[in-house]
file entry.tsv (TSV, C-alpha atoms and all ligand atoms)
chain	number	residue	atom	x	y	z
G	1	ASP	CA	94.94	84.95	96.39
G	2	LEU	CA	94.50	87.52	99.15
G	3	THR	CA	98.24	88.13	98.98
G	4	ILE	CA	98.06	88.73	95.24
G	5	ASN	CA	95.25	91.19	95.84
G	6	LYS	CA	97.33	93.00	98.42
G	7	ILE	CA	100.25	93.26	96.01
G	8	ALA	CA	97.99	94.38	93.16
G	9	ALA	CA	96.55	96.95	95.52
G	10	GLY	CA	99.94	98.62	95.39
G	11	GLU	CA	99.12	99.64	91.83
G	12	VAL	CA	95.45	100.46	92.13
G	13	VAL	CA	95.28	101.83	95.67
G	14	GLU	CA	98.06	104.29	96.20
G	15	ARG	CA	96.21	106.59	98.55
G	16	PRO	CA	92.68	107.52	99.63
G	17	SER	CA	92.05	109.51	96.46
G	18	SER	CA	92.70	106.41	94.35
G	19	VAL	CA	89.97	104.62	96.30
G	20	VAL	CA	87.60	107.53	95.79
G	21	LYS	CA	88.40	107.53	92.07
G	22	GLU	CA	87.74	103.83	91.58
G	23	LEU	CA	84.51	103.92	93.58
G	24	ILE	CA	83.10	106.97	91.84
G	25	GLU	CA	83.98	105.46	88.47
G	26	ASN	CA	82.08	102.33	89.46
G	27	SER	CA	79.09	104.50	90.36
G	28	ILE	CA	79.33	106.25	87.00
G	29	ASP	CA	79.56	102.91	85.20
G	30	ALA	CA	76.47	101.79	87.13
G	31	ASN	CA	74.38	104.50	85.42
G	32	SER	CA	73.90	106.55	88.55
G	33	SER	CA	72.24	109.93	88.36
G	34	LYS	CA	73.37	110.94	91.83
G	35	VAL	CA	76.62	110.18	93.62
G	36	THR	CA	77.34	111.32	97.17
G	37	ILE	CA	80.89	111.27	98.50
G	38	GLU	CA	81.66	111.68	102.18
G	39	ILE	CA	85.16	111.64	103.61
G	40	VAL	CA	86.59	111.94	107.13
G	41	ASP	CA	90.22	112.88	107.79
G	42	GLY	CA	91.18	113.10	104.15
G	43	GLY	CA	89.68	109.67	103.51
G	44	LYS	CA	92.17	108.04	105.85
G	45	LYS	CA	89.52	107.32	108.41
G	46	LEU	CA	86.44	106.96	106.26
G	47	ILE	CA	85.26	107.13	102.67
G	48	ARG	CA	81.56	106.66	101.95
G	49	ILE	CA	80.21	106.67	98.39
G	50	THR	CA	76.49	106.34	97.82
G	51	ASP	CA	74.92	106.02	94.39
G	52	ASP	CA	71.48	105.41	92.92
G	53	GLY	CA	72.78	103.16	90.15
G	54	ILE	CA	71.86	99.67	89.00
G	55	GLY	CA	73.17	97.93	92.12
G	56	ILE	CA	74.47	94.37	92.36
G	57	LEU	CA	72.37	91.23	92.52
G	58	SER	CA	72.65	89.39	95.82
G	59	SER	CA	74.02	86.38	93.95
G	60	GLU	CA	76.76	88.50	92.33
G	61	VAL	CA	77.96	90.39	95.40
G	62	ASP	CA	80.71	87.94	96.42
G	63	LYS	CA	81.99	87.79	92.89
G	64	SER	CA	82.50	91.54	92.69
G	65	PHE	CA	85.36	91.24	95.21
G	66	LEU	CA	87.21	88.61	93.24
G	67	ARG	CA	90.23	89.69	91.26
G	68	HIS	CA	89.45	90.05	87.57
G	69	ALA	CA	85.75	89.79	88.22
G	70	THR	CA	84.26	92.44	86.04
G	71	SER	CA	80.78	92.60	84.62
G	72	LYS	CA	82.06	95.00	82.00
G	73	ILE	CA	83.79	92.72	79.50
G	74	LYS	CA	81.81	89.85	78.10
G	75	ARG	CA	83.83	89.11	75.02
G	76	LEU	CA	87.36	90.01	74.08
G	77	GLU	CA	86.21	92.31	71.26
G	78	ASP	CA	84.48	94.39	73.90
G	79	LEU	CA	87.88	95.75	74.82
G	80	ASP	CA	87.92	97.70	71.57
G	81	ASN	CA	84.52	99.08	72.19
G	82	LEU	CA	84.78	100.13	75.73
G	83	TYR	CA	83.27	103.35	76.93
G	84	SER	CA	83.01	102.32	80.57
G	85	LEU	CA	85.66	103.54	82.99
G	86	GLY	CA	86.57	100.35	84.78
G	87	PHE	CA	87.35	97.14	82.99
G	88	ARG	CA	90.07	95.35	84.86
G	89	GLY	CA	88.02	93.95	87.69
G	90	GLU	CA	90.73	94.88	90.16
G	91	ALA	CA	89.44	97.78	92.17
G	92	LEU	CA	87.12	96.13	94.67
G	93	ALA	CA	89.46	93.16	95.16
G	94	SER	CA	92.40	95.48	95.77
G	95	ILE	CA	90.59	98.02	97.93
G	96	SER	CA	88.98	95.38	100.12
G	97	SER	CA	92.33	93.66	100.68
G	98	VAL	CA	93.86	96.73	102.34
G	99	SER	CA	90.89	98.15	104.25
G	100	LYS	CA	87.72	97.47	106.16
G	101	LEU	CA	84.88	97.60	103.69
G	102	GLU	CA	81.12	97.56	103.94
G	103	MET	CA	78.85	97.39	100.93
G	104	ILE	CA	75.09	97.81	100.85
G	105	THR	CA	73.52	97.26	97.48
G	106	LYS	CA	70.18	96.59	95.84
G	107	THR	CA	68.97	96.22	92.29
G	108	LYS	CA	65.49	97.29	91.22
G	109	ASP	CA	64.68	93.66	90.39
G	110	GLU	CA	65.09	92.34	93.92
G	111	PRO	CA	62.79	93.23	96.82
G	112	ILE	CA	65.60	93.31	99.34
G	113	GLY	CA	69.23	94.35	99.30
G	114	THR	CA	72.48	92.83	100.49
G	115	LYS	CA	74.93	93.97	103.11
G	116	VAL	CA	78.43	92.56	103.08
G	117	VAL	CA	81.38	93.36	105.34
G	118	LEU	CA	84.99	92.53	104.50
G	119	GLU	CA	88.16	92.95	106.50
G	120	GLY	CA	91.47	92.63	104.71
G	121	GLY	CA	89.64	91.00	101.82
G	122	LYS	CA	87.84	88.36	103.91
G	123	VAL	CA	84.06	88.35	104.03
G	124	ILE	CA	83.09	88.51	107.71
G	125	LEU	CA	79.39	89.20	107.29
G	126	LYS	CA	76.79	88.88	104.56
G	127	GLU	CA	73.10	89.41	105.20
G	128	PRO	CA	69.94	90.67	103.53
G	129	ILE	CA	69.03	94.25	104.33
G	130	GLY	CA	66.16	96.57	103.49
G	131	CYS	CA	67.48	99.54	101.51
G	132	VAL	CA	66.89	101.73	98.48
G	133	ASN	CA	68.08	100.88	94.96
G	134	GLY	CA	71.74	101.58	94.39
G	135	THR	CA	75.02	100.97	96.11
G	136	THR	CA	76.80	102.34	99.17
G	137	LEU	CA	80.44	101.55	99.85
G	138	ILE	CA	82.10	102.44	103.13
G	139	ILE	CA	85.87	102.13	103.34
G	140	SER	CA	87.42	102.63	106.75
G	141	ASP	CA	90.92	102.39	108.13
G	142	ILE	CA	92.67	102.21	104.81
G	143	PHE	CA	95.97	100.28	104.99
G	144	PHE	CA	95.19	99.05	108.53
G	145	ASN	CA	96.89	95.75	107.62
G	146	THR	CA	99.80	97.24	105.69
G	147	PRO	CA	101.44	99.50	108.31
G	148	ALA	CA	104.38	100.30	106.06
G	149	ARG	CA	102.03	101.93	103.55
G	150	GLN	CA	99.95	103.60	106.20
G	151	LYS	CA	103.10	105.44	107.27
G	152	PHE	CA	103.44	106.91	103.80
G	153	LEU	CA	100.01	108.50	103.81
G	154	LYS	CA	100.19	112.26	103.46
G	155	SER	CA	98.66	114.74	105.85
G	156	THR	CA	94.87	114.97	106.12
G	157	HIS	CA	95.12	118.35	104.41
G	158	ALA	CA	97.10	117.01	101.44
G	159	GLU	CA	94.83	113.99	101.01
G	160	THR	CA	91.73	116.21	101.20
G	161	ILE	CA	93.06	118.50	98.47
G	162	ASN	CA	93.76	115.49	96.30
G	163	ILE	CA	90.27	114.10	96.76
G	164	SER	CA	88.58	117.46	96.22
G	165	ASP	CA	90.54	117.96	93.03
G	166	LEU	CA	89.58	114.52	91.80
G	167	ILE	CA	85.87	115.00	92.57
G	168	ASN	CA	85.90	118.34	90.75
G	169	LYS	CA	87.35	116.66	87.69
G	170	LEU	CA	84.91	113.78	87.75
G	171	ALA	CA	81.98	116.16	88.25
G	172	ILE	CA	83.07	118.29	85.29
G	173	GLY	CA	83.40	115.16	83.16
G	174	ASN	CA	79.87	114.07	84.03
G	175	PRO	CA	77.42	116.99	83.96
G	176	LYS	CA	74.40	114.67	83.89
G	177	ILE	CA	75.30	113.27	87.29
G	178	GLN	CA	74.60	115.17	90.47
G	179	PHE	CA	77.70	115.10	92.65
G	180	LYS	CA	77.46	115.86	96.33
G	181	TYR	CA	80.67	116.04	98.30
G	182	ILE	CA	80.94	116.30	102.06
G	183	ASN	CA	84.25	116.68	103.88
G	184	ASN	CA	84.24	116.18	107.68
G	185	ASN	CA	80.49	116.91	107.71
G	186	LYS	CA	81.01	120.10	105.74
G	187	PRO	CA	79.27	120.41	102.35
G	188	MET	CA	81.94	121.15	99.73
G	189	LEU	CA	80.24	120.70	96.36
G	190	ASN	CA	76.78	120.09	95.03
G	191	THR	CA	76.44	120.05	91.26
G	192	PRO	CA	72.99	120.35	89.65
G	193	GLY	CA	73.26	117.23	87.47
G	194	ASP	CA	71.21	118.99	84.76
G	195	GLY	CA	73.56	117.95	81.96
G	196	LYS	CA	74.92	121.48	81.43
G	197	LEU	CA	78.69	121.61	81.65
G	198	ILE	CA	78.72	125.35	82.27
G	199	ASN	CA	76.63	124.87	85.41
G	200	VAL	CA	79.08	122.32	86.78
G	201	ILE	CA	82.01	124.64	86.08
G	202	ARG	CA	80.15	127.39	87.93
G	203	SER	CA	79.50	125.08	90.91
G	204	VAL	CA	83.16	124.14	91.06
G	205	TYR	CA	85.03	127.33	90.16
G	206	GLY	CA	82.50	130.13	90.45
G	207	LYS	CA	81.29	132.85	88.12
G	208	ASP	CA	84.71	134.36	87.59
G	209	VAL	CA	85.80	131.46	85.46
G	210	THR	CA	82.55	130.90	83.55
G	211	GLU	CA	82.32	134.52	82.41
G	212	ASN	CA	85.45	134.21	80.31
G	213	LEU	CA	84.82	131.07	78.31
G	214	VAL	CA	84.15	130.41	74.65
G	215	GLU	CA	82.00	127.43	73.80
G	216	ILE	CA	83.50	124.73	71.58
G	217	ASP	CA	81.50	122.37	69.42
G	218	PHE	CA	83.32	120.75	66.54
G	219	LYS	CA	83.45	117.52	64.64
G	220	ASN	CA	85.72	115.99	62.01
G	221	ASN	CA	86.79	112.53	60.87
G	222	HIS	CA	89.02	111.89	63.86
G	223	PHE	CA	87.14	113.37	66.79
G	224	GLU	CA	84.27	115.33	68.20
G	225	LEU	CA	85.30	118.20	70.41
G	226	SER	CA	83.06	119.93	72.92
G	227	GLY	CA	83.39	122.13	75.98
G	228	TYR	CA	84.91	125.53	76.71
G	229	ILE	CA	88.21	127.32	76.42
G	230	GLY	CA	89.30	130.42	78.32
G	231	THR	CA	89.71	133.80	76.73
G	232	ASN	CA	91.26	136.65	78.69
G	233	ASN	CA	91.46	134.25	81.59
G	234	VAL	CA	94.44	132.79	79.85
G	235	TYR	CA	96.73	135.33	81.46
G	236	ARG	CA	96.12	134.15	84.98
G	237	ALA	CA	95.43	130.54	84.35
G	238	ASN	CA	97.29	127.70	85.93
G	239	LYS	CA	97.60	124.03	85.15
G	240	ASN	CA	94.84	123.16	87.62
G	241	LEU	CA	92.32	124.84	85.36
G	242	GLN	CA	93.22	122.64	82.41
G	243	HIS	CA	90.70	119.86	82.01
G	244	ILE	CA	91.08	117.35	79.22
G	245	TYR	CA	88.67	114.45	78.83
G	246	ILE	CA	88.64	111.68	76.31
G	247	ASN	CA	85.29	109.93	76.01
G	248	ASN	CA	84.45	111.65	79.31
G	249	ARG	CA	87.48	110.17	81.03
G	250	PHE	CA	89.82	112.69	82.65
G	251	VAL	CA	93.27	112.21	81.16
G	252	LYS	CA	96.72	113.67	81.10
G	253	SER	CA	97.38	114.24	77.44
G	254	LYS	CA	100.53	116.04	76.42
G	255	VAL	CA	99.49	116.02	72.76
G	256	ILE	CA	96.26	117.84	73.47
G	257	LEU	CA	97.77	120.30	75.92
G	258	ASP	CA	100.54	121.04	73.42
G	259	ALA	CA	98.00	121.65	70.67
G	260	ILE	CA	96.12	124.04	72.95
G	261	SER	CA	99.16	126.01	74.04
G	262	GLU	CA	100.43	126.22	70.45
G	263	SER	CA	97.12	127.63	69.27
G	264	TYR	CA	97.25	130.32	71.98
G	265	LYS	CA	100.91	131.05	71.42
G	266	SER	CA	100.31	131.66	67.74
G	267	ILE	CA	98.00	134.52	68.70
G	268	ILE	CA	99.29	135.88	71.98
G	269	PRO	CA	103.03	135.82	72.56
G	270	ILE	CA	102.72	134.59	76.10
G	271	ASN	CA	103.37	131.17	77.44
G	272	LYS	CA	100.64	130.40	79.93
G	273	HIS	CA	98.35	127.50	80.60
G	274	ALA	CA	95.02	128.22	79.03
G	275	VAL	CA	91.86	127.49	80.96
G	276	CYS	CA	90.06	124.66	79.23
G	277	PHE	CA	87.28	122.19	79.76
G	278	LEU	CA	87.41	119.97	76.71
G	279	ASN	CA	86.01	116.58	75.93
G	280	LEU	CA	87.33	114.75	72.91
G	281	LYS	CA	85.09	112.02	71.66
G	282	VAL	CA	86.99	109.42	69.69
G	283	ASN	CA	86.36	105.90	68.52
G	284	PRO	CA	87.54	103.76	71.47
G	285	SER	CA	89.30	101.40	69.09
G	286	THR	CA	91.67	104.19	68.06
G	287	ILE	CA	93.04	104.83	71.55
G	288	ASP	CA	94.98	102.83	74.08
G	289	VAL	CA	93.96	103.54	77.65
G	290	ASN	CA	95.90	100.65	78.98
G	291	ILE	CA	99.28	102.18	79.55
G	292	HIS	CA	98.89	102.89	83.26
G	293	PRO	CA	96.70	101.19	85.85
G	294	ASN	CA	95.07	104.43	86.89
G	295	LYS	CA	94.10	104.92	83.26
G	296	MET	CA	94.98	108.60	83.16
G	297	GLU	CA	97.31	108.39	80.20
G	298	ILE	CA	96.09	107.75	76.70
G	299	LYS	CA	97.79	106.92	73.44
G	300	PHE	CA	96.21	107.93	70.14
G	301	GLU	CA	96.52	105.93	66.98
G	302	SER	CA	96.66	109.08	64.83
G	303	GLU	CA	98.38	111.41	67.23
G	304	LYS	CA	99.90	113.73	64.63
G	305	GLU	CA	96.63	114.36	62.83
G	306	ILE	CA	94.80	115.04	66.06
G	307	TYR	CA	97.49	117.49	67.14
G	308	VAL	CA	97.37	119.46	63.91
G	309	GLU	CA	93.60	119.46	63.51
G	310	LEU	CA	93.03	120.49	67.10
G	311	LYS	CA	95.60	123.27	66.99
G	312	ASP	CA	94.24	124.70	63.74
G	313	TYR	CA	90.65	124.54	64.87
G	314	LEU	CA	91.34	126.21	68.23
G	315	LYS	CA	93.43	128.91	66.62
G	316	GLY	CA	90.58	129.73	64.27
G	317	LYS	CA	88.14	129.73	67.14
G	318	LEU	CA	90.29	132.09	69.20
G	319	LEU	CA	90.74	134.52	66.32
G	320	GLN	CA	87.04	134.44	65.59
G	321	SER	CA	86.04	134.92	69.23
G	322	ASN	CA	87.94	138.20	69.22
G	323	LEU	CA	88.36	138.02	72.96
G	324	VAL	CA	91.98	137.07	73.52
U	1	LIG	P1	85.56	96.88	87.18
U	1	LIG	O1	85.01	98.24	87.46
U	1	LIG	O2	86.88	96.96	86.50
U	1	LIG	O3	84.58	95.97	86.52
U	1	LIG	P2	85.66	96.65	90.05
U	1	LIG	O4	86.50	95.81	90.97
U	1	LIG	O5	85.77	98.12	90.18
U	1	LIG	O6	85.94	96.17	88.59
U	1	LIG	O7	84.15	96.22	90.28
U	1	LIG	C1	83.80	94.86	90.14
U	1	LIG	C2	82.34	94.71	89.71
U	1	LIG	O8	81.49	95.08	90.80
U	1	LIG	C3	81.94	95.61	88.56
U	1	LIG	O9	82.22	95.00	87.31
U	1	LIG	C4	80.44	95.76	88.80
U	1	LIG	O10	79.74	94.67	88.24
U	1	LIG	C5	80.30	95.68	90.31
U	1	LIG	N1	80.18	97.03	90.93
U	1	LIG	C6	81.14	97.70	91.60
U	1	LIG	N2	80.71	98.89	92.05
U	1	LIG	C7	79.41	98.99	91.66
U	1	LIG	C8	78.38	100.01	91.82
U	1	LIG	N3	78.61	101.16	92.48
U	1	LIG	N4	77.17	99.75	91.29
U	1	LIG	C9	76.92	98.59	90.63
U	1	LIG	N5	77.84	97.61	90.44
U	1	LIG	C10	79.08	97.80	90.95
U	2	MG	MG	85.85	99.63	88.67

call {"tool": "encode", "arguments": {"input": "entry.tsv", "output": "structure tokens"}}
result
Amino acid sequence: DLTINKIAAGEVVERPSSVVKELIENSIDANSSKVTIEIVDGGKKLIRITDDGIGILSSEVDKSFLRHATSKIKRLEDLDNLYSLGFRGEALASISSVSKLEMITKTKDEPIGTKVVLEGGKVILKEPIGCVNGTTLIISDIFFNTPARQKFLKSTHAETINISDLINKLAIGNPKIQFKYINNNKPMLNTPGDGKLINVIRSVYGKDVTENLVEIDFKNNHFELSGYIGTNNVYRANKNLQHIYINNRFVKSKVILDAISESYKSIIPINKHAVCFLNLKVNPSTIDVNIHPNKMEIKFESEKEIYVELKDYLKGKLLQSNLV
């Protein structure tokens, strides 16, 4: 079973940023209002994620490291109704199989927490510990037992950029959560967690970007659209400033990006990547998030309609905003 986990880890745990992604998503799923991320050496040496979420019962801790152990699907129909980010029950099993992992966790219903240490997927220590409610995960020496993969890790600089980018995206997708990010002891990001998207964008990208945005708030039969799109910013935008979320999950969606660029192109004859921070709320049963293990790609049931409706709406909004 440990071997299977190690193989599966090849899909889930490509690099330190994939670990950070899975762990932050677990913290989000655990209803946290504050998530702190600390990394050392681009996450290659250490990743520490602390949240104030629901925690894990002492009796459930071991189970959380088993493959396909997820508390997030109770019945099969739940799959159609899933708003939570994780649902495969693979992350902790995979991550723990290729690293040294320490977890400290406590629920509000238990007077004392649990500390558990795993190495290469094997539990080497489990003991009660006094701690606050919530969960801390410490991942060190990623790929220590898979030297071939350790060799393929990118430079500290490249891994750090990847992680920073990921944290920015997760923070923007979750304005109600306060994200604190520390890289080699240096504070990098601290979002207010006040629920206001514009304040997160300001924390991440600064005033320059927020001063040139038009607010979006729209609803039809297929989706609810909210967020911001760039106005004159469009001329100097790059792909990194394009943020598309579906049910608050950051995704790569060609359909949506195409609809956005078409709406701009119909007004300004210039082919650039518009700044956008958009969340599309759709009925989970009308999308398929299962096409890639890292869950970044999404398939819509009514792709054509969404494309057309989105394009037409944005075009109208841009004309009306008079700013482009
Ligand atoms: P999944 O997220 O797909 O359910 P994971 O392997 O990521 O699978 O996590 C396994 C289980 O461990 C989760 O279903 C959840 O019950 C528990 N868990 C993991 N991280 C946390 C956390 N930060 N807070 C509370 N529970 C957690
Ligand atoms: Mg998960």

call {"tool": "residues_near_ligand", "arguments": {"input": "entry.tsv", "ligand": "ligand LIG 1 (chain U)", "cutoff": "9 Å", "atoms": "all atoms listed in the file", "output": "PyMOL selection string"}}
result
chain G and resi 22-32+49-57+60-61+63-73+84-95+105-107+134-137

call {"tool": "atom_distance", "arguments": {"input": "entry.tsv", "atom1": "atom CA of Ile142 of chain G", "atom2": "atom CA of Ser33 of chain G"}}
result
27.3 Å

call {"tool": "axis_aligned_box", "arguments": {"input": "entry.tsv", "around": "segment 133-146 of chain G", "padding_each_side": "4 Å", "output": "JSON"}}
result
{"center_x": 83.9, "center_y": 99.2, "center_z": 101.5, "size_x": 39.7, "size_y": 14.9, "size_z": 22.1}

call {"tool": "residues_around", "arguments": {"input": "entry.tsv", "residues": "segment 172-180 of chain G", "least_positions_apart": "6", "cutoff": "7 Å", "atoms": "all atoms listed in the file", "output": "compact mmCIF listing (two decimals) with C-alpha atoms, in the coordinates of the input"}}
result
# COMPACT_ATOMS: atom_id res chain seq x y z
CA SER G 32 73.90 106.55 88.55
CA SER G 33 72.24 109.93 88.36
CA LYS G 34 73.37 110.94 91.83
CA VAL G 35 76.62 110.18 93.62
CA THR G 36 77.34 111.32 97.17
CA ILE G 37 80.89 111.27 98.50
CA LEU G 189 80.24 120.70 96.36
CA ASN G 190 76.78 120.09 95.03
CA THR G 191 76.44 120.05 91.26
CA PRO G 192 72.99 120.35 89.65
CA GLY G 193 73.26 117.23 87.47
CA ASP G 194 71.21 118.99 84.76
CA GLY G 195 73.56 117.95 81.96
CA LYS G 196 74.92 121.48 81.43
CA LEU G 197 78.69 121.61 81.65
CA VAL G 200 79.08 122.32 86.78
CA ILE G 201 82.01 124.64 86.08
CA TYR G 245 88.67 114.45 78.83
CA ASN G 248 84.45 111.65 79.31
CA ARG G 249 87.48 110.17 81.03
CA PHE G 250 89.82 112.69 82.65

call {"tool": "closest_residue", "arguments": {"input": "entry.tsv", "among": "G:Arg15, G:Val282, G:Val20, G:Phe223", "to": "ligand MG 2 (chain U)", "atoms": "only C-alpha atoms and all ligand atoms"}}
result
G:Val20

call {"tool": "closest_residue", "arguments": {"input": "entry.tsv", "among": "G:Val13, G:Leu213, G:Leu278, G:Leu310", "to": "ligand MG 2 (chain U)", "atoms": "all atoms listed in the file"}}
result
G:Val13

call {"tool": "residues_around", "arguments": {"input": "entry.tsv", "residues": "Asp165 of chain G", "least_positions_apart": "2", "cutoff": "12 Å", "atoms": "all atoms listed in the file", "output": "list in words"}}
result
Ser17, Ser18, Val20, Lys21, Ala158, Glu159, Thr160, Ile161, Asn162, Ile163, Ile167, Asn168, Lys169, Leu170, Ala171, Ile172, Tyr181, Met188, Leu189, Val204, Tyr205, Asn240, Leu241, Gln242, His243 and Phe250 of chain G

call {"tool": "write_last_selection", "arguments": {"input": "entry.tsv", "atoms": "C-alpha atoms", "output": "mmCIF file, in the frame of the given file"}}
result
data_model
loop_
_atom_site.group_PDB
_atom_site.id
_atom_site.type_symbol
_atom_site.label_atom_id
_atom_site.label_comp_id
_atom_site.auth_asym_id
_atom_site.auth_seq_id
_atom_site.Cartn_x
_atom_site.Cartn_y
_atom_site.Cartn_z
ATOM 1 C CA SER G 17 92.050 109.510 96.460
ATOM 2 C CA SER G 18 92.700 106.410 94.350
ATOM 3 C CA VAL G 20 87.600 107.530 95.790
ATOM 4 C CA LYS G 21 88.400 107.530 92.070
ATOM 5 C CA ALA G 158 97.100 117.010 101.440
ATOM 6 C CA GLU G 159 94.830 113.990 101.010
ATOM 7 C CA THR G 160 91.730 116.210 101.200
ATOM 8 C CA ILE G 161 93.060 118.500 98.470
ATOM 9 C CA ASN G 162 93.760 115.490 96.300
ATOM 10 C CA ILE G 163 90.270 114.100 96.760
ATOM 11 C CA ILE G 167 85.870 115.000 92.570
ATOM 12 C CA ASN G 168 85.900 118.340 90.750
ATOM 13 C CA LYS G 169 87.350 116.660 87.690
ATOM 14 C CA LEU G 170 84.910 113.780 87.750
ATOM 15 C CA ALA G 171 81.980 116.160 88.250
ATOM 16 C CA ILE G 172 83.070 118.290 85.290
ATOM 17 C CA TYR G 181 80.670 116.040 98.300
ATOM 18 C CA MET G 188 81.940 121.150 99.730
ATOM 19 C CA LEU G 189 80.240 120.700 96.360
ATOM 20 C CA VAL G 204 83.160 124.140 91.060
ATOM 21 C CA TYR G 205 85.030 127.330 90.160
ATOM 22 C CA ASN G 240 94.840 123.160 87.620
ATOM 23 C CA LEU G 241 92.320 124.840 85.360
ATOM 24 C CA GLN G 242 93.220 122.640 82.410
ATOM 25 C CA HIS G 243 90.700 119.860 82.010
ATOM 26 C CA PHE G 250 89.820 112.690 82.650
#

call {"tool": "atom_distance", "arguments": {"input": "entry.tsv", "atom1": "atom CA of Ser96 of chain G", "atom2": "atom CA of Ile298 of chain G"}}
result
27.4 Å
